[in-house]
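Source file: upload.csv; contents: CSV, C-alpha atoms.
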```csv
chain,number,residue,atom,x,y,z
A,23,MET,CA,128.0,-37.8,9.8
A,24,PHE,CA,129.1,-38.5,6.3
A,25,LEU,CA,127.1,-38.3,3.2
A,26,PHE,CA,128.0,-40.4,0.2
A,27,ILE,CA,127.6,-39.1,-3.4
A,28,ALA,CA,128.0,-41.3,-6.4
A,29,GLY,CA,131.5,-40.9,-7.8
A,30,ALA,CA,132.5,-38.6,-5.0
A,31,GLY,CA,134.4,-38.7,-1.8
A,32,LEU,CA,133.4,-38.1,1.8
A,33,ILE,CA,131.4,-35.0,2.7
A,34,LEU,CA,131.0,-34.1,6.3
A,35,PRO,CA,128.0,-31.9,6.9
A,36,HIS,CA,127.3,-30.2,10.2
A,37,ARG,CA,125.7,-32.4,12.8
A,38,ALA,CA,124.1,-31.2,16.0
A,39,ASP,CA,124.9,-34.4,17.9
A,40,ALA,CA,128.0,-33.6,20.0
A,41,LEU,CA,129.1,-37.3,20.2
A,42,LEU,CA,128.8,-37.9,16.5
A,43,ASP,CA,130.6,-34.6,15.9
A,44,SER,CA,133.5,-35.6,18.1
A,45,TRP,CA,134.4,-38.4,15.6
A,46,GLN,CA,134.7,-36.1,12.6
A,47,LYS,CA,138.2,-35.0,13.3
A,48,PRO,CA,139.8,-38.5,13.8
A,49,LEU,CA,137.9,-39.8,10.7
A,50,ARG,CA,139.2,-36.9,8.6
A,51,GLU,CA,142.6,-37.7,9.9
A,52,ALA,CA,142.3,-41.4,9.0
A,53,ASP,CA,141.0,-40.5,5.6
A,54,THR,CA,144.1,-38.4,4.9
A,55,LEU,CA,146.4,-41.0,6.3
A,56,VAL,CA,145.1,-43.7,4.0
A,57,LYS,CA,145.5,-41.4,1.0
A,58,THR,CA,149.1,-40.6,2.0
A,59,GLY,CA,150.0,-44.2,2.7
A,60,ASP,CA,150.4,-44.1,6.4
A,61,TYR,CA,148.4,-47.3,6.8
A,62,PRO,CA,149.4,-48.3,10.4
A,63,ALA,CA,148.3,-45.0,11.8
A,64,ALA,CA,145.1,-44.9,9.7
A,65,GLU,CA,144.2,-48.4,10.9
A,66,ARG,CA,144.7,-47.6,14.5
A,67,ILE,CA,142.5,-44.5,14.3
A,68,ALA,CA,139.7,-46.1,12.2
A,69,HIS,CA,139.6,-49.2,14.4
A,70,ARG,CA,139.4,-47.1,17.6
A,71,VAL,CA,136.5,-45.0,16.2
A,72,ALA,CA,134.6,-48.0,14.9
A,73,ASP,CA,134.8,-49.6,18.4
A,74,GLU,CA,133.8,-46.4,20.1
A,75,VAL,CA,130.8,-45.8,17.9
A,76,SER,CA,129.5,-49.4,18.3
A,77,HIS,CA,129.8,-49.2,22.1
A,78,HIS,CA,128.2,-45.7,22.5
A,79,LEU,CA,125.4,-45.4,20.0
A,80,GLY,CA,122.3,-47.4,18.9
A,81,PRO,CA,120.3,-47.5,15.7
A,82,SER,CA,120.0,-44.5,13.4
A,83,SER,CA,121.1,-43.5,9.9
A,84,GLU,CA,123.7,-41.2,11.4
A,85,VAL,CA,125.3,-44.0,13.3
A,86,ALA,CA,125.2,-46.2,10.2
A,87,GLU,CA,127.0,-43.5,8.3
A,88,THR,CA,129.6,-43.0,11.0
A,89,LEU,CA,130.3,-46.6,11.7
A,90,GLY,CA,130.2,-47.6,8.1
A,91,ILE,CA,132.9,-45.1,7.1
A,92,ALA,CA,135.1,-45.9,10.1
A,93,VAL,CA,135.0,-49.6,9.0
A,94,ALA,CA,135.6,-48.7,5.4
A,95,LEU,CA,138.7,-46.7,6.3
A,96,ARG,CA,139.9,-49.6,8.4
A,97,SER,CA,139.4,-51.9,5.5
A,98,LEU,CA,141.5,-49.6,3.2
A,99,ALA,CA,144.3,-49.4,5.7
A,100,THR,CA,144.2,-53.1,6.3
A,101,VAL,CA,144.6,-53.8,2.5
A,102,GLY,CA,147.4,-51.2,2.5
A,103,LEU,CA,149.1,-53.2,5.3
A,104,GLY,CA,149.0,-56.3,3.0
A,105,ASP,CA,146.2,-58.3,4.8
A,106,LEU,CA,144.1,-58.5,1.7
A,107,ASP,CA,141.5,-61.1,2.7
A,108,HIS,CA,140.8,-59.3,6.0
A,109,GLY,CA,140.6,-56.0,4.3
A,110,VAL,CA,138.0,-57.3,1.9
A,111,TRP,CA,136.0,-58.8,4.8
A,112,LEU,CA,136.0,-55.4,6.5
A,113,TRP,CA,134.9,-53.7,3.3
A,114,HIS,CA,132.0,-56.1,3.0
A,115,THR,CA,131.2,-55.5,6.7
A,116,ALA,CA,131.1,-51.8,6.0
A,117,LEU,CA,128.7,-52.4,3.1
A,118,ASN,CA,126.4,-54.4,5.3
A,119,ILE,CA,126.4,-51.6,7.8
A,120,ASP,CA,125.7,-48.9,5.3
A,121,PRO,CA,125.0,-50.0,1.6
A,122,ARG,CA,125.3,-46.4,0.5
A,123,LEU,CA,129.1,-46.9,0.7
A,124,GLU,CA,128.8,-48.6,-2.7
A,125,ASN,CA,128.8,-45.0,-4.1
A,126,LEU,CA,132.1,-44.2,-2.6
A,127,ASN,CA,134.8,-43.5,-5.2
A,128,LEU,CA,137.5,-46.0,-4.1
A,129,GLU,CA,140.0,-44.9,-6.7
A,130,GLN,CA,140.9,-41.8,-4.7
A,131,TYR,CA,142.6,-44.2,-2.2
A,132,ARG,CA,145.0,-45.5,-4.8
A,133,GLY,CA,146.2,-49.1,-4.5
A,134,PRO,CA,144.0,-50.2,-1.6
A,135,GLY,CA,140.9,-48.5,-3.2
A,136,SER,CA,141.5,-50.0,-6.6
A,137,PHE,CA,141.9,-53.4,-5.0
A,138,LEU,CA,138.6,-53.1,-3.0
A,139,ALA,CA,136.8,-51.9,-6.1
A,140,GLN,CA,137.5,-55.3,-7.6
A,141,HIS,CA,135.8,-57.0,-4.7
A,142,PRO,CA,132.1,-55.9,-4.5
A,143,LEU,CA,129.7,-57.6,-2.1
A,144,GLU,CA,128.1,-60.5,-3.9
A,145,THR,CA,124.6,-61.7,-3.5
A,146,GLU,CA,123.8,-65.1,-2.1
A,147,GLU,CA,123.0,-66.4,-5.6
A,148,GLU,CA,126.4,-65.2,-6.8
A,149,LEU,CA,128.0,-66.9,-3.8
A,150,ARG,CA,126.4,-70.2,-4.7
A,151,ARG,CA,127.6,-70.0,-8.3
A,152,ALA,CA,131.1,-69.2,-7.0
A,153,ALA,CA,130.9,-72.3,-4.8
A,154,GLY,CA,130.2,-74.4,-7.8
A,155,ALA,CA,126.4,-74.3,-7.8
A,156,GLU,CA,126.2,-76.9,-5.0
A,157,ASP,CA,124.6,-80.2,-6.2
A,158,GLU,CA,121.9,-81.1,-3.7
A,159,GLY,CA,122.3,-84.8,-4.6
A,160,ALA,CA,126.1,-84.8,-3.9
A,161,ALA,CA,127.5,-86.2,-0.7
A,162,VAL,CA,128.9,-83.0,0.7
A,163,GLN,CA,130.0,-82.7,4.3
A,164,PRO,CA,129.2,-79.1,5.5
A,165,PRO,CA,131.8,-76.8,7.0
A,166,LYS,CA,132.6,-77.4,10.7
A,167,VAL,CA,133.4,-74.6,13.2
A,168,HIS,CA,136.5,-75.6,15.3
A,169,ARG,CA,137.0,-72.5,17.3
A,170,ARG,CA,134.7,-69.6,17.8
A,171,ARG,CA,134.9,-66.3,19.7
A,172,ASN,CA,131.9,-65.7,21.9
A,173,LEU,CA,130.0,-62.5,21.0
A,174,ARG,CA,128.8,-60.0,23.6
A,175,PHE,CA,126.3,-57.3,23.0
A,176,PRO,CA,128.0,-54.1,22.1
A,177,LEU,CA,126.8,-51.4,24.5
A,178,GLY,CA,125.1,-49.6,21.7
A,179,ALA,CA,122.8,-52.6,21.1
A,180,GLU,CA,122.2,-53.4,24.7
A,181,GLU,CA,120.9,-49.9,25.2
A,182,PHE,CA,118.1,-50.6,22.7
A,183,ARG,CA,117.3,-54.0,24.1
A,184,HIS,CA,117.7,-55.9,20.8
A,185,ARG,CA,118.0,-59.6,21.6
A,186,GLY,CA,117.3,-61.4,18.4
A,187,PRO,CA,119.9,-63.6,16.6
A,188,LEU,CA,121.7,-62.3,13.6
A,189,ALA,CA,121.6,-64.4,10.4
A,190,VAL,CA,124.7,-64.3,8.3
A,191,THR,CA,125.4,-66.1,5.0
A,192,PHE,CA,129.0,-66.3,3.9
A,193,LEU,CA,131.4,-68.3,1.7
A,194,VAL,CA,133.8,-70.8,3.3
A,195,ARG,CA,136.6,-71.3,0.8
A,196,ALA,CA,138.3,-74.6,0.2
A,197,ASP,CA,141.2,-73.5,2.3
A,198,GLY,CA,138.9,-72.7,5.3
A,199,THR,CA,139.0,-68.9,4.9
A,200,LEU,CA,135.8,-66.9,5.2
A,201,ALA,CA,134.6,-64.4,2.6
A,202,ASN,CA,131.6,-62.2,1.5
A,203,PRO,CA,129.4,-62.0,4.6
A,204,ILE,CA,125.8,-61.1,4.0
A,205,VAL,CA,123.6,-60.1,6.9
A,206,THR,CA,120.2,-61.6,6.0
A,207,GLU,CA,116.6,-61.3,7.2
A,208,GLN,CA,115.7,-58.4,9.4
A,209,PRO,CA,118.9,-56.3,9.9
A,210,PRO,CA,119.7,-55.7,13.6
A,211,PRO,CA,121.3,-52.4,14.9
A,212,VAL,CA,124.5,-51.7,13.0
A,213,ALA,CA,126.5,-52.1,16.2
A,214,GLU,CA,125.6,-55.8,16.2
A,215,ILE,CA,126.6,-56.2,12.6
A,216,TYR,CA,130.0,-54.8,13.3
A,217,ALA,CA,130.5,-56.9,16.5
A,218,ALA,CA,129.3,-60.1,14.9
A,219,LEU,CA,131.3,-59.9,11.7
A,220,ASP,CA,134.4,-58.6,13.4
A,221,ALA,CA,134.3,-61.7,15.8
A,222,LEU,CA,133.3,-64.1,13.0
A,223,TRP,CA,136.5,-63.3,11.1
A,224,GLU,CA,138.5,-64.9,14.0
A,225,TRP,CA,136.6,-68.2,13.9
A,226,GLN,CA,138.5,-71.3,12.6
A,227,VAL,CA,136.4,-73.3,10.2
A,228,GLU,CA,137.1,-76.6,8.5
A,229,PRO,CA,135.9,-76.4,4.9
A,230,ALA,CA,133.2,-78.5,3.4
A,231,ARG,CA,134.3,-81.8,1.8
A,232,ALA,CA,133.2,-83.8,-1.2
A,233,ALA,CA,134.6,-87.3,-1.7
A,234,GLY,CA,137.2,-86.4,1.0
A,235,ASP,CA,138.4,-83.2,-0.8
A,236,PRO,CA,137.9,-79.7,0.6
A,237,VAL,CA,135.5,-77.7,-1.5
A,238,PRO,CA,134.1,-74.1,-1.2
A,239,ALA,CA,130.6,-73.9,0.3
A,240,VAL,CA,128.0,-71.3,1.2
A,241,TYR,CA,127.3,-71.4,5.0
A,242,ARG,CA,124.4,-69.9,6.8
A,243,LEU,CA,124.8,-69.1,10.4
A,244,SER,CA,122.5,-67.8,13.2
A,245,VAL,CA,124.8,-65.7,15.5
A,246,LYS,CA,123.6,-65.3,19.0
A,247,PHE,CA,125.0,-62.8,21.4
A,248,THR,CA,125.6,-63.4,25.1
A,249,LEU,CA,124.5,-60.9,27.7
A,250,ARG,CA,127.1,-59.0,29.6
```
structure tokens encoding of this file:
Amino acid sequence: MFLFIAGAGLILPHRADALLDSWQKPLREADTLVKTGDYPAAERIAHRVADEVSHHLGPSSEVAETLGIAVALRSLATVGLGDLDHGVWLWHTALNIDPRLENLNLEQYRGPGSFLAQHPLETEEELRRAAGAEDEGAAVQPPKVHRRRNLRFPLGAEEFRHRGPLAVTFLVRADGTLANPIVTEQPPPVAEIYAALDALWEWQVEPARAAGDPVPAVYRLSVKFTLR
């Protein structure tokens, strides 16, 4: 639905698929609303489109393009609303869905875009350095999940009978907040990436501890979906 060109904005070529085409207008509207600073309206539209795409469509490059940009616009609007950590998490979710979004010129989105441009998706090696290059010999208690939201297959994934777990690596900061999700191993349908990372953000996690003090740590998780 969208093509991404290095240094450029969003270009919407003609698509024959009627369902994909039906999301062009609301995404254009959300794009304009982010640029003009109407973040509440932009977030509502982008959030709705992302949910609809994940529930109606399965794996294809067009779906990745459409879902990726919907989540990217949601991330920009979320940053504009002042929820910075969640906005960055959504931006990284979008990059997992469609890595070509790295070529999007974020500066056209003013403050929120400039902010997200300073938070690229880091590699697992970079995450481990950020966590202090964990010493394997140190007595570190790993993070503990206190509350989790069960994940259900999005309809777009159920349709294509994908049943494998989704492996995610992310940073658990010393304050327990989550950051920089990386979907590893064999990527599942993009609808599952969106559903998993959107739910994972709501989990409550106790940070790792070393000598009783909270410390940042890289956490690897195998996310399993429940059948409807």
Between segment 62-175 of chain A and segment 226-248 of chain A, at 7 Å or less, what are the per-residue closest atom pairs and their distances in Å? Count all atoms listed in the file, order by chain and rising residue number, and return it as a tab-separated table.
```
residue	atom	partner	partner_atom	distance
A:Leu149	CA	A:Val240	CA	6.7
A:Arg150	CA	A:Val240	CA	6.2
A:Ala153	CA	A:Pro238	CA	5.1
A:Ala161	CA	A:Ala232	CA	6.2
A:Val162	CA	A:Ala232	CA	4.8
A:Gln163	CA	A:Arg231	CA	5.1
A:Pro164	CA	A:Ala230	CA	4.6
A:Pro165	CA	A:Ala230	CA	4.2
A:Lys166	CA	A:Glu228	CA	5.1
A:Val167	CA	A:Val227	CA	4.4
A:His168	CA	A:Gln226	CA	5.5
A:Arg169	CA	A:Gln226	CA	5.1
A:Arg170	CA	A:Gln226	CA	6.7
A:Leu173	CA	A:Phe247	CA	5.0
A:Arg174	CA	A:Thr248	CA	4.9
A:Phe175	CA	A:Phe247	CA	5.9
```
- Using all atoms listed in the file, pick whichever of A:Leu128, A:Ile204, A:Ala64, A:Ala221 has the shortest atom-to-atom distance to Thr115 of chain A.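 Between A:Leu128, A:Ile204, A:Ala64, A:Ala221, the residue approaching Thr115 of chain A most closely is A:Ile204.
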- Have a look at atom CA of Leu188 of chain A and atom CA of Leu42 of chain A and let me know their distance in Å, one decimal.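 Going from atom CA of Leu188 of chain A over to atom CA of Leu42 of chain A covers 25.6 Å.
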- Item | Distance of atom CA of Thr191 of chain A from atom CA of Arg66 of chain A, expressed in Å to one decimal place |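 Computing it gives 28.4 Å between the two atoms.
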- Message: Applying 9 Å and only C-alpha atoms, which residues near segment 136-142 of chain A remain after dropping the ones on its own chain fewer than 2 positions away? List them as a ChimeraX atom specification.
- Response: /A:97-98,101,106,109-110,113-114,124,127-134,144,202
- Item | Exercise: Ala116 of chain A partners within 10 Å, only C-alpha atoms, chain neighbours under 6 positions left out, as a list of chain:residue names |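 Answer for this query is A:Ala86, A:Glu87, A:Leu89, A:Gly90, A:Ile91, A:Ala92, A:Val93, A:Ala94, A:Leu95, A:Arg96, A:Ser97, A:Val110, A:Arg122, A:Leu123, A:Glu124, A:Val212, A:Ile215, A:Tyr216, A:Leu219.
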- Task: Rank nothing, just name the residue among A:Leu143, A:Leu49, A:Val71, A:Ala189 nearest to Pro121 of chain A, using only C-alpha atoms.
- Result: A:Leu143
- Query: Out of A:Glu84, A:Glu65, A:Asp53, A:Glu148, which residue has the shortest atom-to-atom distance to Asp120 of chain A when counting all atoms listed in the file?
  - Reply: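 Between A:Glu84, A:Glu65, A:Asp53, A:Glu148, the residue approaching Asp120 of chain A most closely is A:Glu84.
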- How far is it from atom CA of Leu55 of chain A to atom CA of Ser76 of chain A, in Å with one decimal? 22.4 Å
- Query: Which residues, written as a PyMOL selection string, have at least one atom at most 9 Å from Leu200 of chain A, with only C-alpha atoms counted and residues fewer than 4 positions away on the same chain left out?
  - Reply: chain A and resi 107+111+192-195+222-223+225+227
Taking C-alpha atoms for each residue, export the selection above as a PDB file, in the frame of the given file.
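Contents of the output file again.pdb:
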```
ATOM      1  CA  ASP A 107     141.500 -61.100   2.700  1.00  0.00           C
ATOM      2  CA  TRP A 111     136.000 -58.800   4.800  1.00  0.00           C
ATOM      3  CA  PHE A 192     129.000 -66.300   3.900  1.00  0.00           C
ATOM      4  CA  LEU A 193     131.400 -68.300   1.700  1.00  0.00           C
ATOM      5  CA  VAL A 194     133.800 -70.800   3.300  1.00  0.00           C
ATOM      6  CA  ARG A 195     136.600 -71.300   0.800  1.00  0.00           C
ATOM      7  CA  LEU A 222     133.300 -64.100  13.000  1.00  0.00           C
ATOM      8  CA  TRP A 223     136.500 -63.300  11.100  1.00  0.00           C
ATOM      9  CA  TRP A 225     136.600 -68.200  13.900  1.00  0.00           C
ATOM     10  CA  VAL A 227     136.400 -73.300  10.200  1.00  0.00           C
TER      11      VAL A 227
END
```
- Between A:Ala213, A:Val85, A:Leu126, A:Ala52, single out the one closest to His69 of chain A, counting only C-alpha atoms.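 Closest residue, counting only C-alpha atoms: A:Ala52.
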